[in-house]
Amino acid sequence: MTSNIYVLGTGLSHNGSAVLLKNGEVCVGIEKERLSRVKHDGGNDNLAIQYCLDAEGITLEDIDLVVQSANFEIPDRKYYQGERILSKHPELEVINISHHLAHAYSAIGTSPFKESVVMVIDGCGSPLDQFLSLHPEQKPLVCSSILEESQMQCEKDSFYYFDGQNLKTIWKDFSIMSSPNQKSNISLPTTLHSIGGFYNAISLYVFGDMNDLGKLMGLAPFGKSGIFKMEAFEFKNDNLYLQEDWKELLTQPSKSYQYFSDHFEYYANVAKWAQEQIEKAVMTCLKTRLNHFPHKNLCYTGGVALNAVANTKLVKENLAQNIYFEPAAGDNGLALGCAFYGWLAHLKKPKKKHNESTCFGKSYNGFRIKNAIKKHSNKSWSKTEFNNEDELLNYVAQKINTGKIVGWFHGGSEFGPRALGRRSILAHPGKKGLKELINKNIKFREDFRPFAPSVLKERVADYFEMGLSSPYMILVDKTKAAYRQTLFNVTHEDGSSRVQTVDSSWNPRYAKLIQEFEKHSGIPILLNTSLNRKGTPMVETPEDAINLFEETAIDILILENMSLEKQEDNTKTLIINFIESKGIDVIETNLDGYQCFLPGLFLKGNSILMDSSKMIYPGDLLHEAGHIAVTEEALRPFIGSEKMPAEWPSDGDEIASILWSYAAIEHLQINAEIVFHKDGYKGDSEWLIQQFRSKNFMGLPLFSWMGFCDESKPETAFPNMIKWQR
């Protein structure tokens, strides 16, 4: 054992995580999804635990205490979705705590308060029988009517008082589980009267996925108030209940994304109504609890506490003098709460002041970064190493000001759902077209989804009406009218913005970058969104970041002091010049409404219509040019019109166009991956490159018959060409 005291917390719900405390302070923490690369991954905690041990340079023999939390099952078995590494160390002291207790301690441990009340509201906590088995002393606080129910019931909301060392339960509300209603399109995946479950159900109704809660909040500003008159919640005897009659009025569940798009206004209005119901329910619940036990300091956590719009209403109402919103309020924060419970409640150690940072991940050194870059060294980007931080920040700020989109990888990753300047995508907050470009070609998500402004905390009141301190991007504010065009890309449809106020005390490099950007742009604000694409977790490692850089339209990737910059603009110009030199026109135009086979490109006659804002891969130009080039001369004028035969292009034309593209690659001396990229050729790009490099040119007799090359002479043998149009 070391002289240090290590407490390991682990959450075994969905959104699994592990956190390590060293002498009462967070030294490392990680969400499992960042390592497994599976969104909302949970269950077996080996990956996350091993990450924490490796980052701290210790083993399980050095751990003094393990605290864990799991819904519906106390994980005391040897196997838990596979053998756990903890099972190999029976000497470890392992204790279990309930779901809401873990949520509560996650806020207590990271809040700035010595004492406070704590509110937990989420979708579904621990079942009643599990809760009582873990905490039998709490039985008198559970009303007898609940104890008499025969159906399974789970925690719905909990209210506590923390005196600086001990936590006292003031109020707990349980609810029976929801069951499918054959008469309704709405069914809660949680308890019957859950605020979080209500929002899950509306997400499922609108998007077909109950986990798109952030998307639902982003859709609400496009809706109108008052379209739906029904009320979802009511309070009886200080308990919250979800009514049933409103469900019968929602009769149009989304069938697909196209269906959603066709009925966008309707679903926006549903989202607006649901958001307003959430706000009223949360407000009433908190007011009711605080009426019983007022306190100047309030900690608020649980999944519902991630609703930034509702949170802002709480601030406006002055429910408490000081409110702390836990940044990792969802189930990813359970491990954090488990660890702090172990330190404060079990070991009876004094609370240490938290440094306000949420960045608990490990840092990656230059050696690891350079090795990751070497693995991708044949790609078409330039590499620069900066030995001076000021030069790096000036370079990045200048590039962002010209409209470049930057992947920003620095220090230990953020713990929780928000990118706060460690694993971020950064862009200009006001240049037109960037919001659409990022959503479409980087995030690959819906065009209504918003982005956040990162603003220096001392400048927030200059640009936003309330000037709220919001270091964790968990509150919204209104962009001042005078700056709504300046901040066009980070202002929502209703004028609001989910603001991040950047604090140089724990985010120094990010704060310096924003200061440098202001020198170039006059704006102390950056567009900030998480460094990932739709459906994937935020990147954790340099390798993850480089993969994302290559898969998307990010222009520049910063890995600590290394810069990778795509040369696609030069490549694009080179390709266009080549295509036009071969008698095929490339015409820049707007392709809204066009049915494009490849993003941003449409063939018309002997021309390629190109919409740069929609095109993802410049190499696709060569593929499309190949289709024009190998088409019979008499048919080329009809390409893109109804006069073109329905069977065009034929299988032979398709093979010939691939050979044409490869001949162009060799002629231009560019990397084959620029054309044969991972999203092309039905997943066979890598295989095609291998075939070409092995000189296995499939379809070459047909290509020669078309007159493009002559294998009988070395100077005209493929990939050399006799001509470039059939």
# chains A, B, ... in the order shown; residues from 1 in each chain; ligands from 1
call {"tool": "residues_around", "arguments": {"residues": "Leu60 of chain A", "least_positions_apart": "3", "cutoff": "10 Å", "atoms": "only C-alpha atoms", "output": "number ranges by chain"}}
result
A: 1, 6, 8, 49-50, 53, 63-66, 85-86, 88-89, 92
call {"tool": "select_by_dssp", "arguments": {"residues": "segment 117-339 of chain A", "states": "strand (DSSP E or B)", "output": "PDB file with N, CA and C atoms, in the first residue's frame"}}
result
ATOM      1  N   VAL A 117     -28.275  22.098   0.365  1.00  0.00           N
ATOM      2  CA  VAL A 117     -29.280  21.081   0.060  1.00  0.00           C
ATOM      3  C   VAL A 117     -28.960  20.529  -1.322  1.00  0.00           C
ATOM      4  N   VAL A 118     -29.413  19.315  -1.573  1.00  0.00           N
ATOM      5  CA  VAL A 118     -29.108  18.638  -2.837  1.00  0.00           C
ATOM      6  C   VAL A 118     -30.398  18.073  -3.418  1.00  0.00           C
ATOM      7  N   MET A 119     -30.670  18.389  -4.675  1.00  0.00           N
ATOM      8  CA  MET A 119     -31.846  17.868  -5.369  1.00  0.00           C
ATOM      9  C   MET A 119     -31.398  16.930  -6.485  1.00  0.00           C
ATOM     10  N   VAL A 120     -31.993  15.756  -6.556  1.00  0.00           N
ATOM     11  CA  VAL A 120     -31.715  14.785  -7.624  1.00  0.00           C
ATOM     12  C   VAL A 120     -33.020  14.524  -8.368  1.00  0.00           C
ATOM     13  N   ILE A 121     -33.019  14.776  -9.680  1.00  0.00           N
ATOM     14  CA  ILE A 121     -34.165  14.441 -10.537  1.00  0.00           C
ATOM     15  C   ILE A 121     -33.626  13.752 -11.787  1.00  0.00           C
ATOM     16  N   PRO A 127     -34.385   0.610  -7.600  1.00  0.00           N
ATOM     17  CA  PRO A 127     -35.646   0.011  -7.161  1.00  0.00           C
ATOM     18  C   PRO A 127     -35.760   0.081  -5.636  1.00  0.00           C
ATOM     19  N   GLN A 153     -41.077  -0.411  -7.824  1.00  0.00           N
ATOM     20  CA  GLN A 153     -41.019   1.043  -7.791  1.00  0.00           C
ATOM     21  C   GLN A 153     -39.569   1.488  -7.726  1.00  0.00           C
ATOM     22  N   CYS A 154     -39.297   2.652  -8.283  1.00  0.00           N
ATOM     23  CA  CYS A 154     -37.926   3.156  -8.320  1.00  0.00           C
ATOM     24  C   CYS A 154     -37.881   4.614  -7.880  1.00  0.00           C
ATOM     25  N   GLU A 155     -36.682   5.039  -7.480  1.00  0.00           N
ATOM     26  CA  GLU A 155     -36.466   6.431  -7.107  1.00  0.00           C
ATOM     27  C   GLU A 155     -36.863   7.345  -8.265  1.00  0.00           C
ATOM     28  N   LYS A 156     -37.540   8.426  -7.938  1.00  0.00           N
ATOM     29  CA  LYS A 156     -37.957   9.406  -8.948  1.00  0.00           C
ATOM     30  C   LYS A 156     -37.304  10.768  -8.703  1.00  0.00           C
ATOM     31  N   ASP A 157     -37.411  11.277  -7.477  1.00  0.00           N
ATOM     32  CA  ASP A 157     -36.643  12.459  -7.095  1.00  0.00           C
ATOM     33  C   ASP A 157     -36.290  12.359  -5.623  1.00  0.00           C
ATOM     34  N   SER A 158     -35.157  12.920  -5.258  1.00  0.00           N
ATOM     35  CA  SER A 158     -34.658  12.851  -3.880  1.00  0.00           C
ATOM     36  C   SER A 158     -34.123  14.206  -3.470  1.00  0.00           C
ATOM     37  N   PHE A 159     -34.301  14.528  -2.180  1.00  0.00           N
ATOM     38  CA  PHE A 159     -33.890  15.828  -1.648  1.00  0.00           C
ATOM     39  C   PHE A 159     -33.126  15.591  -0.344  1.00  0.00           C
ATOM     40  N   TYR A 160     -31.934  16.177  -0.260  1.00  0.00           N
ATOM     41  CA  TYR A 160     -31.036  15.913   0.859  1.00  0.00           C
ATOM     42  C   TYR A 160     -30.510  17.224   1.453  1.00  0.00           C
ATOM     43  N   TYR A 161     -29.941  17.094   2.668  1.00  0.00           N
ATOM     44  CA  TYR A 161     -29.198  18.199   3.286  1.00  0.00           C
ATOM     45  C   TYR A 161     -27.804  17.695   3.640  1.00  0.00           C
ATOM     46  N   PHE A 162     -26.780  18.418   3.197  1.00  0.00           N
ATOM     47  CA  PHE A 162     -25.393  18.081   3.501  1.00  0.00           C
ATOM     48  C   PHE A 162     -24.838  19.130   4.455  1.00  0.00           C
ATOM     49  N   LEU A 167     -24.702  13.496   5.117  1.00  0.00           N
ATOM     50  CA  LEU A 167     -25.850  13.755   4.258  1.00  0.00           C
ATOM     51  C   LEU A 167     -27.110  13.218   4.933  1.00  0.00           C
ATOM     52  N   LYS A 168     -28.132  14.050   5.021  1.00  0.00           N
ATOM     53  CA  LYS A 168     -29.406  13.670   5.613  1.00  0.00           C
ATOM     54  C   LYS A 168     -30.485  13.687   4.536  1.00  0.00           C
ATOM     55  N   THR A 169     -31.293  12.635   4.483  1.00  0.00           N
ATOM     56  CA  THR A 169     -32.384  12.576   3.515  1.00  0.00           C
ATOM     57  C   THR A 169     -33.576  13.367   4.048  1.00  0.00           C
ATOM     58  N   ILE A 170     -34.044  14.330   3.256  1.00  0.00           N
ATOM     59  CA  ILE A 170     -35.203  15.151   3.635  1.00  0.00           C
ATOM     60  C   ILE A 170     -36.476  14.595   3.001  1.00  0.00           C
ATOM     61  N   TRP A 171     -36.381  14.184   1.738  1.00  0.00           N
ATOM     62  CA  TRP A 171     -37.578  13.733   1.010  1.00  0.00           C
ATOM     63  C   TRP A 171     -37.159  12.777  -0.097  1.00  0.00           C
ATOM     64  N   LYS A 172     -37.887  11.666  -0.214  1.00  0.00           N
ATOM     65  CA  LYS A 172     -37.660  10.758  -1.337  1.00  0.00           C
ATOM     66  C   LYS A 172     -39.000  10.416  -1.952  1.00  0.00           C
ATOM     67  N   ASP A 173     -39.062  10.440  -3.267  1.00  0.00           N
ATOM     68  CA  ASP A 173     -40.301  10.103  -3.981  1.00  0.00           C
ATOM     69  C   ASP A 173     -40.021   8.919  -4.897  1.00  0.00           C
ATOM     70  N   PHE A 174     -40.825   7.876  -4.753  1.00  0.00           N
ATOM     71  CA  PHE A 174     -40.723   6.688  -5.591  1.00  0.00           C
ATOM     72  C   PHE A 174     -41.933   6.619  -6.518  1.00  0.00           C
ATOM     73  N   SER A 175     -41.811   5.862  -7.580  1.00  0.00           N
ATOM     74  CA  SER A 175     -42.931   5.663  -8.502  1.00  0.00           C
ATOM     75  C   SER A 175     -42.873   4.250  -9.053  1.00  0.00           C
ATOM     76  N   ILE A 176     -44.067   3.679  -9.316  1.00  0.00           N
ATOM     77  CA  ILE A 176     -44.108   2.370  -9.982  1.00  0.00           C
ATOM     78  C   ILE A 176     -43.608   2.528 -11.416  1.00  0.00           C
ATOM     79  N   MET A 177     -43.181   1.418 -11.996  1.00  0.00           N
ATOM     80  CA  MET A 177     -42.675   1.446 -13.362  1.00  0.00           C
ATOM     81  C   MET A 177     -43.830   1.618 -14.345  1.00  0.00           C
ATOM     82  N   THR A 191     -40.044   5.098 -14.810  1.00  0.00           N
ATOM     83  CA  THR A 191     -41.170   5.054 -13.892  1.00  0.00           C
ATOM     84  C   THR A 191     -42.343   5.833 -14.467  1.00  0.00           C
ATOM     85  N   PHE A 233     -48.070  17.419 -16.058  1.00  0.00           N
ATOM     86  CA  PHE A 233     -47.782  17.083 -14.663  1.00  0.00           C
ATOM     87  C   PHE A 233     -48.764  17.754 -13.707  1.00  0.00           C
ATOM     88  N   GLU A 234     -48.911  17.148 -12.542  1.00  0.00           N
ATOM     89  CA  GLU A 234     -49.647  17.777 -11.450  1.00  0.00           C
ATOM     90  C   GLU A 234     -49.008  17.366 -10.122  1.00  0.00           C
ATOM     91  N   PHE A 235     -49.194  18.187  -9.082  1.00  0.00           N
ATOM     92  CA  PHE A 235     -48.677  17.884  -7.753  1.00  0.00           C
ATOM     93  C   PHE A 235     -49.832  17.581  -6.814  1.00  0.00           C
ATOM     94  N   LYS A 236     -49.684  16.482  -6.057  1.00  0.00           N
ATOM     95  CA  LYS A 236     -50.647  16.128  -5.020  1.00  0.00           C
ATOM     96  C   LYS A 236     -49.860  15.747  -3.772  1.00  0.00           C
ATOM     97  N   ASN A 239     -46.159  15.537  -3.917  1.00  0.00           N
ATOM     98  CA  ASN A 239     -45.546  14.585  -4.836  1.00  0.00           C
ATOM     99  C   ASN A 239     -45.958  14.902  -6.268  1.00  0.00           C
ATOM    100  N   LEU A 240     -45.054  14.631  -7.176  1.00  0.00           N
ATOM    101  CA  LEU A 240     -45.277  14.910  -8.593  1.00  0.00           C
ATOM    102  C   LEU A 240     -45.894  13.696  -9.287  1.00  0.00           C
ATOM    103  N   TYR A 241     -46.911  13.954 -10.114  1.00  0.00           N
ATOM    104  CA  TYR A 241     -47.551  12.885 -10.877  1.00  0.00           C
ATOM    105  C   TYR A 241     -47.651  13.289 -12.344  1.00  0.00           C
ATOM    106  N   LEU A 242     -47.481  12.312 -13.206  1.00  0.00           N
ATOM    107  CA  LEU A 242     -47.641  12.527 -14.644  1.00  0.00           C
ATOM    108  C   LEU A 242     -49.043  12.071 -15.030  1.00  0.00           C
ATOM    109  N   ASN A 297     -27.806  27.587  -0.328  1.00  0.00           N
ATOM    110  CA  ASN A 297     -26.993  26.850  -1.300  1.00  0.00           C
ATOM    111  C   ASN A 297     -27.750  25.621  -1.789  1.00  0.00           C
ATOM    112  N   LEU A 298     -27.872  25.498  -3.087  1.00  0.00           N
ATOM    113  CA  LEU A 298     -28.565  24.364  -3.702  1.00  0.00           C
ATOM    114  C   LEU A 298     -27.650  23.673  -4.698  1.00  0.00           C
ATOM    115  N   CYS A 299     -27.481  22.366  -4.543  1.00  0.00           N
ATOM    116  CA  CYS A 299     -26.835  21.531  -5.566  1.00  0.00           C
ATOM    117  C   CYS A 299     -27.942  20.797  -6.323  1.00  0.00           C
ATOM    118  N   TYR A 300     -27.808  20.750  -7.634  1.00  0.00           N
ATOM    119  CA  TYR A 300     -28.837  20.125  -8.466  1.00  0.00           C
ATOM    120  C   TYR A 300     -28.169  19.158  -9.431  1.00  0.00           C
ATOM    121  N   THR A 301     -28.640  17.898  -9.440  1.00  0.00           N
ATOM    122  CA  THR A 301     -28.019  16.883 -10.285  1.00  0.00           C
ATOM    123  C   THR A 301     -29.048  15.840 -10.698  1.00  0.00           C
ATOM    124  N   ASN A 322     -27.430  30.664  -4.123  1.00  0.00           N
ATOM    125  CA  ASN A 322     -26.362  30.067  -4.942  1.00  0.00           C
ATOM    126  C   ASN A 322     -26.826  28.695  -5.428  1.00  0.00           C
ATOM    127  N   ILE A 323     -26.696  28.447  -6.733  1.00  0.00           N
ATOM    128  CA  ILE A 323     -27.068  27.142  -7.297  1.00  0.00           C
ATOM    129  C   ILE A 323     -25.870  26.553  -8.031  1.00  0.00           C
ATOM    130  N   TYR A 324     -25.555  25.304  -7.711  1.00  0.00           N
ATOM    131  CA  TYR A 324     -24.494  24.584  -8.409  1.00  0.00           C
ATOM    132  C   TYR A 324     -25.123  23.458  -9.234  1.00  0.00           C
ATOM    133  N   PHE A 325     -24.926  23.525 -10.547  1.00  0.00           N
ATOM    134  CA  PHE A 325     -25.408  22.490 -11.461  1.00  0.00           C
ATOM    135  C   PHE A 325     -24.247  21.543 -11.747  1.00  0.00           C
TER     136      PHE A 325
END
call {"tool": "atom_distance", "arguments": {"atom1": "atom CA of Ile373 of chain A", "atom2": "atom CA of Ile546 of chain A"}}
result
7.6 Å
call {"tool": "atom_distance", "arguments": {"atom1": "atom CA of Gly361 of chain A", "atom2": "atom CA of Glu61 of chain A"}}
result
21.7 Å
call {"tool": "atom_distance", "arguments": {"atom1": "atom CA of Glu33 of chain A", "atom2": "atom CA of Gly303 of chain A"}}
result
17.1 Å
call {"tool": "residues_around", "arguments": {"residues": "segment 349-353 of chain A", "least_positions_apart": "5", "cutoff": "9 Å", "atoms": "only C-alpha atoms", "output": "list in words"}}
result
Asn23, Gly24, Glu25, Ile108, Gly109, Thr110, Ser111, Pro112, Phe113, Lys114, Gly164, Gln165, Phe340, Gly342, Trp343 and Leu344 of chain A
call {"tool": "write_last_selection", "arguments": {"atoms": "N, CA, C and O atoms", "output": "short mmCIF file (atom, residue, chain, number, x, y, z; two decimals), in the first residue's frame"}}
result
data_model
loop_
_atom_site.label_atom_id
_atom_site.label_comp_id
_atom_site.auth_asym_id
_atom_site.auth_seq_id
_atom_site.Cartn_x
_atom_site.Cartn_y
_atom_site.Cartn_z
N ASN A 23 -6.37 11.02 -1.96
CA ASN A 23 -6.43 11.87 -0.77
C ASN A 23 -7.59 12.86 -0.84
O ASN A 23 -7.47 14.03 -0.45
N GLY A 24 -8.71 12.40 -1.36
CA GLY A 24 -9.93 13.20 -1.37
C GLY A 24 -10.11 14.10 -2.56
O GLY A 24 -11.10 14.83 -2.63
N GLU A 25 -9.18 14.05 -3.54
CA GLU A 25 -9.27 14.89 -4.73
C GLU A 25 -9.25 14.02 -5.98
O GLU A 25 -8.57 12.99 -6.01
N ILE A 108 -22.08 17.02 -4.36
CA ILE A 108 -21.47 17.46 -3.10
C ILE A 108 -19.96 17.58 -3.23
O ILE A 108 -19.36 18.56 -2.81
N GLY A 109 -19.34 16.57 -3.81
CA GLY A 109 -17.89 16.54 -3.88
C GLY A 109 -17.28 17.60 -4.76
O GLY A 109 -16.16 18.05 -4.52
N THR A 110 -18.01 18.02 -5.82
CA THR A 110 -17.45 18.99 -6.76
C THR A 110 -17.98 20.41 -6.55
O THR A 110 -17.48 21.34 -7.18
N SER A 111 -18.99 20.57 -5.70
CA SER A 111 -19.58 21.90 -5.51
C SER A 111 -18.65 22.78 -4.68
O SER A 111 -17.81 22.29 -3.92
N PRO A 112 -18.84 24.10 -4.76
CA PRO A 112 -18.01 25.02 -3.97
C PRO A 112 -18.54 25.22 -2.55
O PRO A 112 -17.96 25.99 -1.78
N PHE A 113 -19.63 24.53 -2.18
CA PHE A 113 -20.30 24.79 -0.90
C PHE A 113 -19.76 23.90 0.22
O PHE A 113 -19.52 22.72 0.02
N LYS A 114 -19.64 24.48 1.41
CA LYS A 114 -19.33 23.67 2.59
C LYS A 114 -20.57 22.91 3.04
O LYS A 114 -20.47 21.78 3.53
N GLY A 164 -21.75 19.43 5.63
CA GLY A 164 -20.31 19.60 5.55
C GLY A 164 -19.56 18.30 5.71
O GLY A 164 -18.40 18.18 5.31
N GLN A 165 -20.22 17.30 6.29
CA GLN A 165 -19.63 15.99 6.45
C GLN A 165 -20.63 14.87 6.22
O GLN A 165 -20.33 13.85 5.61
N PHE A 340 -16.70 10.02 -4.01
CA PHE A 340 -16.83 11.00 -2.93
C PHE A 340 -17.60 10.44 -1.73
O PHE A 340 -17.33 10.80 -0.58
N GLY A 342 -17.34 7.39 -0.73
CA GLY A 342 -16.33 6.61 -0.02
C GLY A 342 -15.46 7.47 0.86
O GLY A 342 -15.16 7.12 2.01
N TRP A 343 -15.05 8.62 0.34
CA TRP A 343 -14.16 9.52 1.08
C TRP A 343 -14.89 10.19 2.25
O TRP A 343 -14.39 10.21 3.39
N LEU A 344 -16.06 10.74 1.98
CA LEU A 344 -16.76 11.55 2.98
C LEU A 344 -17.58 10.71 3.96
O LEU A 344 -17.51 10.92 5.18
#
call {"tool": "closest_atom_pairs", "arguments": {"of": "segment 344-422 of chain A", "to": "segment 464-477 of chain A", "cutoff": "12 Å", "atoms": "only C-alpha atoms", "output": "Markdown table"}}
result
| residue | atom | partner | partner_atom | distance |
| --- | --- | --- | --- | --- |
| A:Glu356 | CA | A:Pro471 | CA | 8.8 |
| A:Ser357 | CA | A:Pro471 | CA | 9.1 |
| A:Thr358 | CA | A:Tyr472 | CA | 8.2 |
| A:Cys359 | CA | A:Tyr472 | CA | 10.8 |
| A:Glu414 | CA | A:Tyr472 | CA | 10.1 |
| A:Phe415 | CA | A:Tyr472 | CA | 10.6 |
| A:Gly416 | CA | A:Tyr472 | CA | 9.3 |
| A:Pro417 | CA | A:Tyr472 | CA | 9.6 |
| A:Arg418 | CA | A:Met473 | CA | 6.9 |
| A:Ala419 | CA | A:Met473 | CA | 8.6 |
| A:Leu420 | CA | A:Tyr472 | CA | 7.0 |
| A:Gly421 | CA | A:Tyr472 | CA | 10.5 |
call {"tool": "write_last_selection", "arguments": {"atoms": "N, CA and C atoms", "output": "CSV table (one decimal), in the first residue's frame"}}
result
chain,number,residue,atom,x,y,z
A,356,GLU,N,-12.7,23.1,-9.5
A,356,GLU,CA,-13.7,23.6,-10.5
A,356,GLU,C,-13.6,22.9,-11.9
A,357,SER,N,-12.5,22.2,-12.1
A,357,SER,CA,-12.2,21.6,-13.4
A,357,SER,C,-13.1,20.4,-13.5
A,358,THR,N,-13.5,20.1,-14.8
A,358,THR,CA,-14.2,18.8,-15.1
A,358,THR,C,-13.3,17.9,-16.0
A,359,CYS,N,-12.0,18.3,-16.1
A,359,CYS,CA,-11.1,17.6,-17.1
A,359,CYS,C,-10.3,16.6,-16.3
A,414,GLU,N,-12.5,16.1,-21.0
A,414,GLU,CA,-13.6,16.5,-20.1
A,414,GLU,C,-14.3,15.2,-19.6
A,415,PHE,N,-14.8,15.3,-18.4
A,415,PHE,CA,-15.7,14.3,-17.8
A,415,PHE,C,-17.1,14.8,-17.9
A,416,GLY,N,-18.0,14.2,-18.6
A,416,GLY,CA,-19.3,14.7,-18.8
A,416,GLY,C,-19.6,14.9,-20.2
A,417,PRO,N,-20.8,15.4,-20.5
A,417,PRO,CA,-21.3,15.4,-21.9
A,417,PRO,C,-20.9,16.6,-22.7
A,418,ARG,N,-20.2,17.6,-22.1
A,418,ARG,CA,-19.9,18.8,-22.8
A,418,ARG,C,-18.4,19.0,-23.1
A,419,ALA,N,-18.1,19.4,-24.3
A,419,ALA,CA,-16.7,19.7,-24.7
A,419,ALA,C,-16.4,21.1,-24.2
A,420,LEU,N,-15.4,21.3,-23.4
A,420,LEU,CA,-15.1,22.6,-22.8
A,420,LEU,C,-13.8,23.2,-23.2
A,421,GLY,N,-13.2,22.7,-24.3
A,421,GLY,CA,-11.9,23.3,-24.7
A,421,GLY,C,-10.8,22.3,-24.6
call {"tool": "residues_around", "arguments": {"residues": "Trp660 of chain A", "least_positions_apart": "6", "cutoff": "10 Å", "atoms": "only C-alpha atoms", "output": "PyMOL selection string"}}
result
chain A and resi 622-623+625-627+629-630+654+703+708+718-719+721+724-725
call {"tool": "write_last_selection", "arguments": {"atoms": "C-alpha atoms", "output": "short mmCIF file (atom, residue, chain, number, x, y, z; two decimals), in the first residue's frame"}}
result
data_model
loop_
_atom_site.label_atom_id
_atom_site.label_comp_id
_atom_site.auth_asym_id
_atom_site.auth_seq_id
_atom_site.Cartn_x
_atom_site.Cartn_y
_atom_site.Cartn_z
CA LEU A 622 -12.31 12.58 -60.39
CA HIS A 623 -14.80 9.76 -59.96
CA ALA A 625 -15.29 13.10 -64.29
CA GLY A 626 -14.51 9.47 -65.06
CA HIS A 627 -18.19 8.75 -65.61
CA ALA A 629 -15.19 10.64 -69.84
CA VAL A 630 -16.07 6.98 -70.45
CA GLU A 654 -18.61 1.85 -63.87
CA PHE A 703 -10.87 0.09 -71.14
CA PHE A 708 -8.03 4.94 -73.63
CA PHE A 718 -2.10 1.53 -68.47
CA PRO A 719 -2.00 3.72 -66.43
CA MET A 721 -3.33 7.12 -71.53
CA TRP A 724 -8.96 11.19 -71.78
CA GLN A 725 -12.42 11.21 -73.34
#
call {"tool": "residues_around", "arguments": {"residues": "Thr479 of chain A", "least_positions_apart": "5", "cutoff": "12 Å", "atoms": "only C-alpha atoms", "output": "ChimeraX atom specification"}}
result
/A:452-453,455,460-468,484-499
call {"tool": "write_last_selection", "arguments": {"atoms": "C-alpha atoms", "output": "PDB file, in the first residue's frame"}}
result
ATOM      1  CA  ALA A 452     -22.316  26.883 -28.233  1.00  0.00           C
ATOM      2  CA  PRO A 453     -20.292  30.081 -27.792  1.00  0.00           C
ATOM      3  CA  VAL A 455     -16.603  33.376 -24.205  1.00  0.00           C
ATOM      4  CA  VAL A 460     -19.805  37.458 -21.076  1.00  0.00           C
ATOM      5  CA  ALA A 461     -21.917  40.464 -20.006  1.00  0.00           C
ATOM      6  CA  ASP A 462     -20.715  42.429 -23.049  1.00  0.00           C
ATOM      7  CA  TYR A 463     -22.426  40.016 -25.462  1.00  0.00           C
ATOM      8  CA  PHE A 464     -25.184  38.237 -23.516  1.00  0.00           C
ATOM      9  CA  GLU A 465     -28.142  39.803 -21.745  1.00  0.00           C
ATOM     10  CA  MET A 466     -27.941  38.116 -18.338  1.00  0.00           C
ATOM     11  CA  GLY A 467     -24.164  37.736 -18.282  1.00  0.00           C
ATOM     12  CA  LEU A 468     -24.449  34.431 -16.410  1.00  0.00           C
ATOM     13  CA  ARG A 484     -26.871  38.399 -33.197  1.00  0.00           C
ATOM     14  CA  GLN A 485     -25.351  38.640 -36.668  1.00  0.00           C
ATOM     15  CA  THR A 486     -21.819  38.752 -35.264  1.00  0.00           C
ATOM     16  CA  LEU A 487     -22.643  35.555 -33.345  1.00  0.00           C
ATOM     17  CA  PHE A 488     -24.907  34.051 -35.996  1.00  0.00           C
ATOM     18  CA  ASN A 489     -23.451  30.511 -35.756  1.00  0.00           C
ATOM     19  CA  VAL A 490     -23.896  30.251 -31.969  1.00  0.00           C
ATOM     20  CA  THR A 491     -27.305  31.913 -31.563  1.00  0.00           C
ATOM     21  CA  HIS A 492     -30.439  29.759 -31.654  1.00  0.00           C
ATOM     22  CA  GLU A 493     -33.623  30.468 -33.544  1.00  0.00           C
ATOM     23  CA  ASP A 494     -35.144  32.253 -30.502  1.00  0.00           C
ATOM     24  CA  GLY A 495     -32.054  34.391 -29.830  1.00  0.00           C
ATOM     25  CA  SER A 496     -30.738  32.168 -27.041  1.00  0.00           C
ATOM     26  CA  SER A 497     -27.279  30.628 -26.669  1.00  0.00           C
ATOM     27  CA  ARG A 498     -25.978  27.806 -24.492  1.00  0.00           C
ATOM     28  CA  VAL A 499     -23.000  29.736 -23.210  1.00  0.00           C
TER      29      VAL A 499
END
call {"tool": "closest_residue", "arguments": {"among": "A:Gly683, A:Gly403, A:Gly366, A:Gly333", "to": "Phe386 of chain A", "atoms": "only C-alpha atoms"}}
result
A:Gly366
call {"tool": "residues_around", "arguments": {"residues": "Asn547 of chain A", "least_positions_apart": "3", "cutoff": "12 Å", "atoms": "only C-alpha atoms", "output": "number ranges by chain"}}
result
A: 372-373, 375-376, 379, 407, 531-533, 539-544, 550-554, 557, 678
call {"tool": "residues_around", "arguments": {"residues": "Gln275 of chain A", "least_positions_apart": "2", "cutoff": "9 Å", "atoms": "only C-alpha atoms", "output": "ChimeraX atom specification"}}
result
/A:199,216-217,220,270-273,277-280,307,309-310
call {"tool": "closest_residue", "arguments": {"among": "A:His667, A:Lys572, A:Lys431, A:Lys39", "to": "Leu621 of chain A", "atoms": "only C-alpha atoms"}}
result
A:Lys572
call {"tool": "select_by_dssp", "arguments": {"residues": "segment 377-499 of chain A", "states": "alpha helix (DSSP H)", "output": "list of chain:residue names"}}
result
A:Glu389, A:Asp390, A:Glu391, A:Leu392, A:Leu393, A:Asn394, A:Tyr395, A:Val396, A:Ala397, A:Gln398, A:Lys399, A:Ile400, A:Asn401, A:Leu434, A:Lys435, A:Glu436, A:Leu437, A:Ile438, A:Asn439, A:Lys440, A:Asn441, A:Val460, A:Ala461, A:Asp462, A:Tyr463
